[in-house]
>>> print(open('start-v1.cif').read())   # mmCIF, C-alpha atoms and all ligand atoms
data_protein
loop_
_atom_site.group_PDB
_atom_site.id
_atom_site.type_symbol
_atom_site.label_atom_id
_atom_site.label_comp_id
_atom_site.auth_asym_id
_atom_site.auth_seq_id
_atom_site.Cartn_x
_atom_site.Cartn_y
_atom_site.Cartn_z
ATOM 1 C CA MET G 156 4.109 205.516 6.449
ATOM 2 C CA THR G 157 6.900 208.038 6.000
ATOM 3 C CA CYS G 158 7.699 210.744 3.465
ATOM 4 C CA LYS G 159 10.108 209.510 0.796
ATOM 5 C CA ASP G 160 11.898 212.818 0.932
ATOM 6 C CA CYS G 161 12.286 213.820 4.580
ATOM 7 C CA GLY G 162 11.273 210.643 6.408
ATOM 8 C CA LYS G 163 8.551 212.405 8.344
ATOM 9 C CA THR G 164 5.679 210.194 9.481
ATOM 10 C CA ILE G 165 2.490 210.861 7.556
ATOM 11 C CA GLY G 166 -1.113 209.980 8.286
ATOM 12 C CA PRO G 167 -3.324 207.733 6.160
ATOM 13 C CA GLN G 168 -5.106 210.723 4.623
ATOM 14 C CA GLN G 169 -1.905 212.370 3.391
ATOM 15 C CA TYR G 170 -0.629 208.951 2.284
ATOM 16 C CA LYS G 171 -3.677 208.451 0.085
ATOM 17 C CA ALA G 172 -3.631 212.021 -1.229
ATOM 18 C CA SER G 173 0.003 211.906 -2.331
ATOM 19 C CA LYS G 174 -0.221 208.318 -3.616
ATOM 20 C CA ASP G 175 -3.285 209.188 -5.695
ATOM 21 C CA SER G 176 -1.890 212.393 -7.169
ATOM 22 C CA LEU G 177 1.836 211.623 -7.482
ATOM 23 C CA GLY G 178 2.116 207.850 -7.155
ATOM 24 C CA ILE G 179 4.600 208.155 -4.279
ATOM 25 C CA THR G 180 4.444 208.782 -0.540
ATOM 26 C CA LEU G 181 5.285 212.358 0.410
ATOM 27 C CA CYS G 182 4.409 214.621 3.338
ATOM 28 C CA GLU G 183 2.226 217.654 2.748
ATOM 29 C CA ARG G 184 5.170 220.016 2.357
ATOM 30 C CA HIS G 185 7.013 217.813 -0.142
ATOM 31 C CA SER G 186 3.820 217.051 -2.113
ATOM 32 C CA LYS G 187 3.383 220.788 -2.539
ATOM 33 C CA LEU G 188 7.014 221.291 -3.544
ATOM 34 C CA ILE G 189 6.915 218.518 -6.133
ATOM 35 C CA LYS G 190 3.587 219.708 -7.539
ATOM 36 C CA ARG G 191 5.086 223.182 -7.911
ATOM 37 C CA VAL G 192 8.053 221.697 -9.828
ATOM 38 C CA ILE G 193 5.660 219.788 -12.100
ATOM 39 C CA LEU G 194 3.570 222.911 -12.742
ATOM 40 C CA ASP G 195 6.602 225.072 -13.483
ATOM 41 C CA ASN G 196 8.420 222.631 -15.759
ATOM 42 C CA SER G 197 5.728 220.170 -16.886
ATOM 43 C CA THR G 198 7.932 217.473 -15.398
ATOM 44 C CA PRO G 199 6.659 213.968 -16.226
ATOM 45 C CA LEU G 200 5.604 211.912 -13.196
ATOM 46 C CA GLU G 201 8.112 209.253 -14.254
ATOM 47 C CA ALA G 202 10.905 211.765 -13.647
ATOM 48 C CA ILE G 203 9.660 212.203 -10.075
ATOM 49 C CA HIS G 204 9.540 208.437 -9.562
ATOM 50 C CA LEU G 205 13.023 207.976 -10.995
ATOM 51 C CA PHE G 206 14.355 210.888 -8.926
ATOM 52 C CA TYR G 207 13.240 209.265 -5.661
ATOM 53 C CA ALA G 208 14.338 205.781 -6.758
ATOM 54 C CA LEU G 209 17.825 207.150 -7.480
ATOM 55 C CA LYS G 210 17.871 208.905 -4.117
ATOM 56 C CA GLU G 211 17.023 205.605 -2.462
ATOM 57 C CA ALA G 212 19.874 203.961 -4.365
ATOM 58 C CA GLY G 213 22.308 206.437 -2.778
ATOM 59 C CA VAL G 214 22.749 208.714 -5.781
ATOM 60 C CA HIS G 215 22.422 212.475 -5.281
ATOM 61 C CA PRO G 216 20.176 213.513 -8.138
ATOM 62 C CA MET G 217 18.839 217.003 -8.787
ATOM 63 C CA LEU G 218 15.346 217.523 -10.126
ATOM 64 C CA GLU G 219 14.788 220.056 -12.925
ATOM 65 C CA TRP G 220 18.312 221.355 -12.890
ATOM 66 C CA TRP G 221 18.898 224.548 -14.878
ATOM 67 C CA ASP G 222 21.972 224.085 -17.073
ATOM 68 C CA GLY G 223 22.076 227.707 -18.220
ATOM 69 C CA LYS G 224 19.989 227.089 -21.324
ATOM 70 C CA LYS G 225 17.270 224.682 -20.347
ATOM 71 C CA SER G 226 15.952 222.669 -17.457
ATOM 72 C CA VAL G 227 17.194 219.089 -17.285
ATOM 73 C CA ASP G 228 14.715 216.556 -15.853
ATOM 74 C CA ILE G 229 17.311 214.914 -13.608
ATOM 75 C CA ALA G 230 20.981 215.792 -13.283
ATOM 76 C CA ILE G 231 23.744 213.967 -11.436
ATOM 77 C CA SER G 232 26.327 216.691 -11.194
ATOM 78 C CA ARG G 233 29.169 214.637 -9.726
ATOM 79 C CA VAL G 234 29.579 212.746 -12.992
ATOM 80 C CA LYS G 235 28.002 215.430 -15.225
ATOM 81 C CA LEU G 236 25.159 213.185 -16.251
ATOM 82 C CA ASN G 237 21.903 214.636 -17.543
ATOM 83 C CA ILE G 238 18.840 212.417 -17.686
ATOM 84 C CA GLU G 239 15.893 213.397 -19.843
ATOM 85 C CA ILE G 240 12.660 211.484 -19.729
ATOM 86 C CA ASP G 241 11.124 210.954 -23.135
ATOM 87 C CA LYS G 242 7.379 211.231 -23.148
ATOM 88 C CA ASP G 243 5.317 209.613 -25.838
ATOM 89 C CA TYR G 244 7.490 208.783 -28.854
ATOM 90 C CA ASN G 245 4.474 209.116 -31.126
ATOM 91 C CA MET G 246 3.928 212.667 -29.910
ATOM 92 C CA ILE G 247 7.413 213.866 -30.820
ATOM 93 C CA THR G 248 7.700 216.129 -33.856
ATOM 94 C CA HIS G 249 10.648 216.093 -36.250
ATOM 95 C CA GLU G 250 11.653 219.571 -35.031
ATOM 96 C CA GLN G 251 11.648 218.309 -31.462
ATOM 97 C CA ALA G 252 13.737 215.304 -32.465
ATOM 98 C CA ILE G 253 16.509 217.367 -34.069
ATOM 99 C CA ASN G 254 16.375 219.959 -31.249
ATOM 100 C CA ASP G 255 16.896 217.177 -28.719
ATOM 101 C CA LEU G 256 19.927 215.940 -30.617
ATOM 102 C CA GLU G 257 21.329 219.461 -30.858
ATOM 103 C CA ASP G 258 20.815 219.987 -27.112
ATOM 104 C CA ALA G 259 22.626 216.721 -26.437
ATOM 105 C CA MET G 260 25.516 217.865 -28.628
ATOM 106 C CA HIS G 261 25.826 221.196 -26.775
ATOM 107 C CA SER G 262 25.780 219.471 -23.384
ATOM 108 C CA PHE G 263 28.368 216.980 -24.592
ATOM 109 C CA LYS G 264 30.655 219.816 -25.646
ATOM 110 C CA ASN G 265 30.383 221.139 -22.097
ATOM 111 C CA GLY G 266 31.435 217.778 -20.714
ATOM 112 C CA PHE G 267 27.942 216.527 -19.938
ATOM 113 C CA THR G 268 26.556 213.199 -21.001
ATOM 114 C CA THR G 269 22.855 213.162 -21.824
ATOM 115 C CA VAL G 270 20.845 209.979 -21.521
ATOM 116 C CA ARG G 271 17.282 209.862 -22.776
ATOM 117 C CA ILE G 272 15.063 207.340 -21.058
ATOM 118 C CA PRO G 273 11.619 206.435 -22.397
ATOM 119 C CA HIS G 274 8.958 206.980 -19.758
ATOM 120 C CA LEU G 275 7.733 203.411 -20.298
ATOM 121 C CA ALA G 276 11.043 201.989 -19.073
ATOM 122 C CA ILE G 277 10.574 203.847 -15.786
ATOM 123 C CA LYS G 278 6.924 202.945 -15.527
ATOM 124 C CA TYR G 279 7.419 199.207 -16.016
ATOM 125 C CA TYR G 280 11.078 198.582 -15.148
ATOM 126 C CA LEU G 281 11.982 201.119 -12.473
ATOM 127 C CA ASP G 282 14.494 198.820 -10.706
ATOM 128 C CA GLU G 283 16.221 197.868 -13.949
ATOM 129 C CA THR G 284 16.307 201.510 -15.033
ATOM 130 C CA VAL G 285 17.993 202.469 -11.753
ATOM 131 C CA GLU G 286 20.462 199.556 -12.135
ATOM 132 C CA ASN G 287 21.409 200.761 -15.593
ATOM 133 C CA ILE G 288 21.840 204.363 -14.475
ATOM 134 C CA LEU G 289 24.070 203.164 -11.621
ATOM 135 C CA GLY G 290 26.126 201.356 -14.273
ATOM 136 C CA ILE G 291 26.378 204.512 -16.362
ATOM 137 C CA ILE G 292 27.449 206.499 -13.282
ATOM 138 C CA SER G 293 30.238 204.058 -12.438
ATOM 139 C CA GLY G 294 31.334 204.059 -16.080
ATOM 140 C CA LEU G 295 31.493 207.845 -16.075
ATOM 141 C CA LYS G 296 33.406 207.824 -12.775
ATOM 142 C CA ALA G 297 35.977 205.474 -14.294
ATOM 143 C CA ASN G 298 36.349 207.781 -17.297
ATOM 144 C CA ILE G 299 36.840 210.822 -15.066
ATOM 145 C CA LYS G 300 39.618 208.979 -13.202
ATOM 146 C CA ALA G 301 41.246 207.941 -16.484
ATOM 147 C CA ILE G 302 41.636 211.567 -17.664
HETATM 148 ZN ZN ZN G 401 8.622 215.334 3.427
#
>>> encode(input="start-v1.cif", output="structure tokens", more="lines below")
Ligand SMILES: [Zn+2]
Amino acid sequence: MTCKDCGKTIGPQQYKASKDSLGITLCERHSKLIKRVILDNSTPLEAIHLFYALKEAGVHPMLEWWDGKKSVDIAISRVKLNIEIDKDYNMITHEQAINDLEDAMHSFKNGFTTVRIPHLAIKYYLDETVENILGIISGLKANIKAI
């Protein structure tokens, strides 16, 4: 087994520890780093899973990227794409809903596209979610060229 981040070989104990706590295979150092990110930003686990799936697909995502105002779950800077993972829809308040829309508007004005992905899509359809994001990235690339 190897670390999904650095490719370092990891033992069965570390494999089990990181699989149990994070749901992915990471070495001790990267488990610690990711857990620190989660603690600091209350990053949903689905964001971590999507981050590594995108990495595997050859995208260069950034985890918890600070855009000057807030931390974005995943950012793909080359095409100015921000990805936010929506937690439980039932938990969202009306204030949160309008704040999210306002945030999206501000990012859009700065040339960033914000996509909100429900955590369930990542949990149950990770491959399809990655496929769709790859499609969005190529669409954005085409738009950048057109300008
Ligand atoms: Zn590692």
>>> resolve_selection(input="start-v1.cif", expression="the PyMOL selection byres (((chain G and resi 277) around 12) and not hetatm)", output="PyMOL selection string")
chain G and resi 199-209+239-242+271-276+278-288
>>> resolve_selection(input="start-v1.cif", expression="the PyMOL selection byres (((chain G and resi 160) around 10) and not hetatm)", output="ChimeraX atom specification")
/G:157-159,161-163,180-182,184-186,207,210-211
>>> closest_residue(input="start-v1.cif", among="G:Lys300, G:Lys187, G:His249, G:Arg233", to="ligand ZN 401 (chain G)", atoms="all atoms listed in the file")
G:Lys187
>>> axis_aligned_box(input="start-v1.cif", around="region 285-301 of chain G", padding_each_side="5 Å", output="lines of an AutoDock Vina configuration file")
center_x = 29.6
center_y = 205.2
center_z = -14.5
size_x = 33.3
size_y = 21.3
size_z = 15.7
>>> closest_residue(input="start-v1.cif", among="G:Leu177, G:Ala252, G:Ile231, G:Ile189", to="ligand ZN 401 (chain G)", atoms="only C-alpha atoms and all ligand atoms")
G:Ile189
>>> closest_residue(input="start-v1.cif", among="G:Asp255, G:Asp195, G:Glu183, G:Glu219", to="ligand ZN 401 (chain G)", atoms="all atoms listed in the file")
G:Glu183
>>> atom_distance(input="start-v1.cif", atom1="CA of Ile292 (chain G)", atom2="CA of Lys224 (chain G)")
23.3 Å
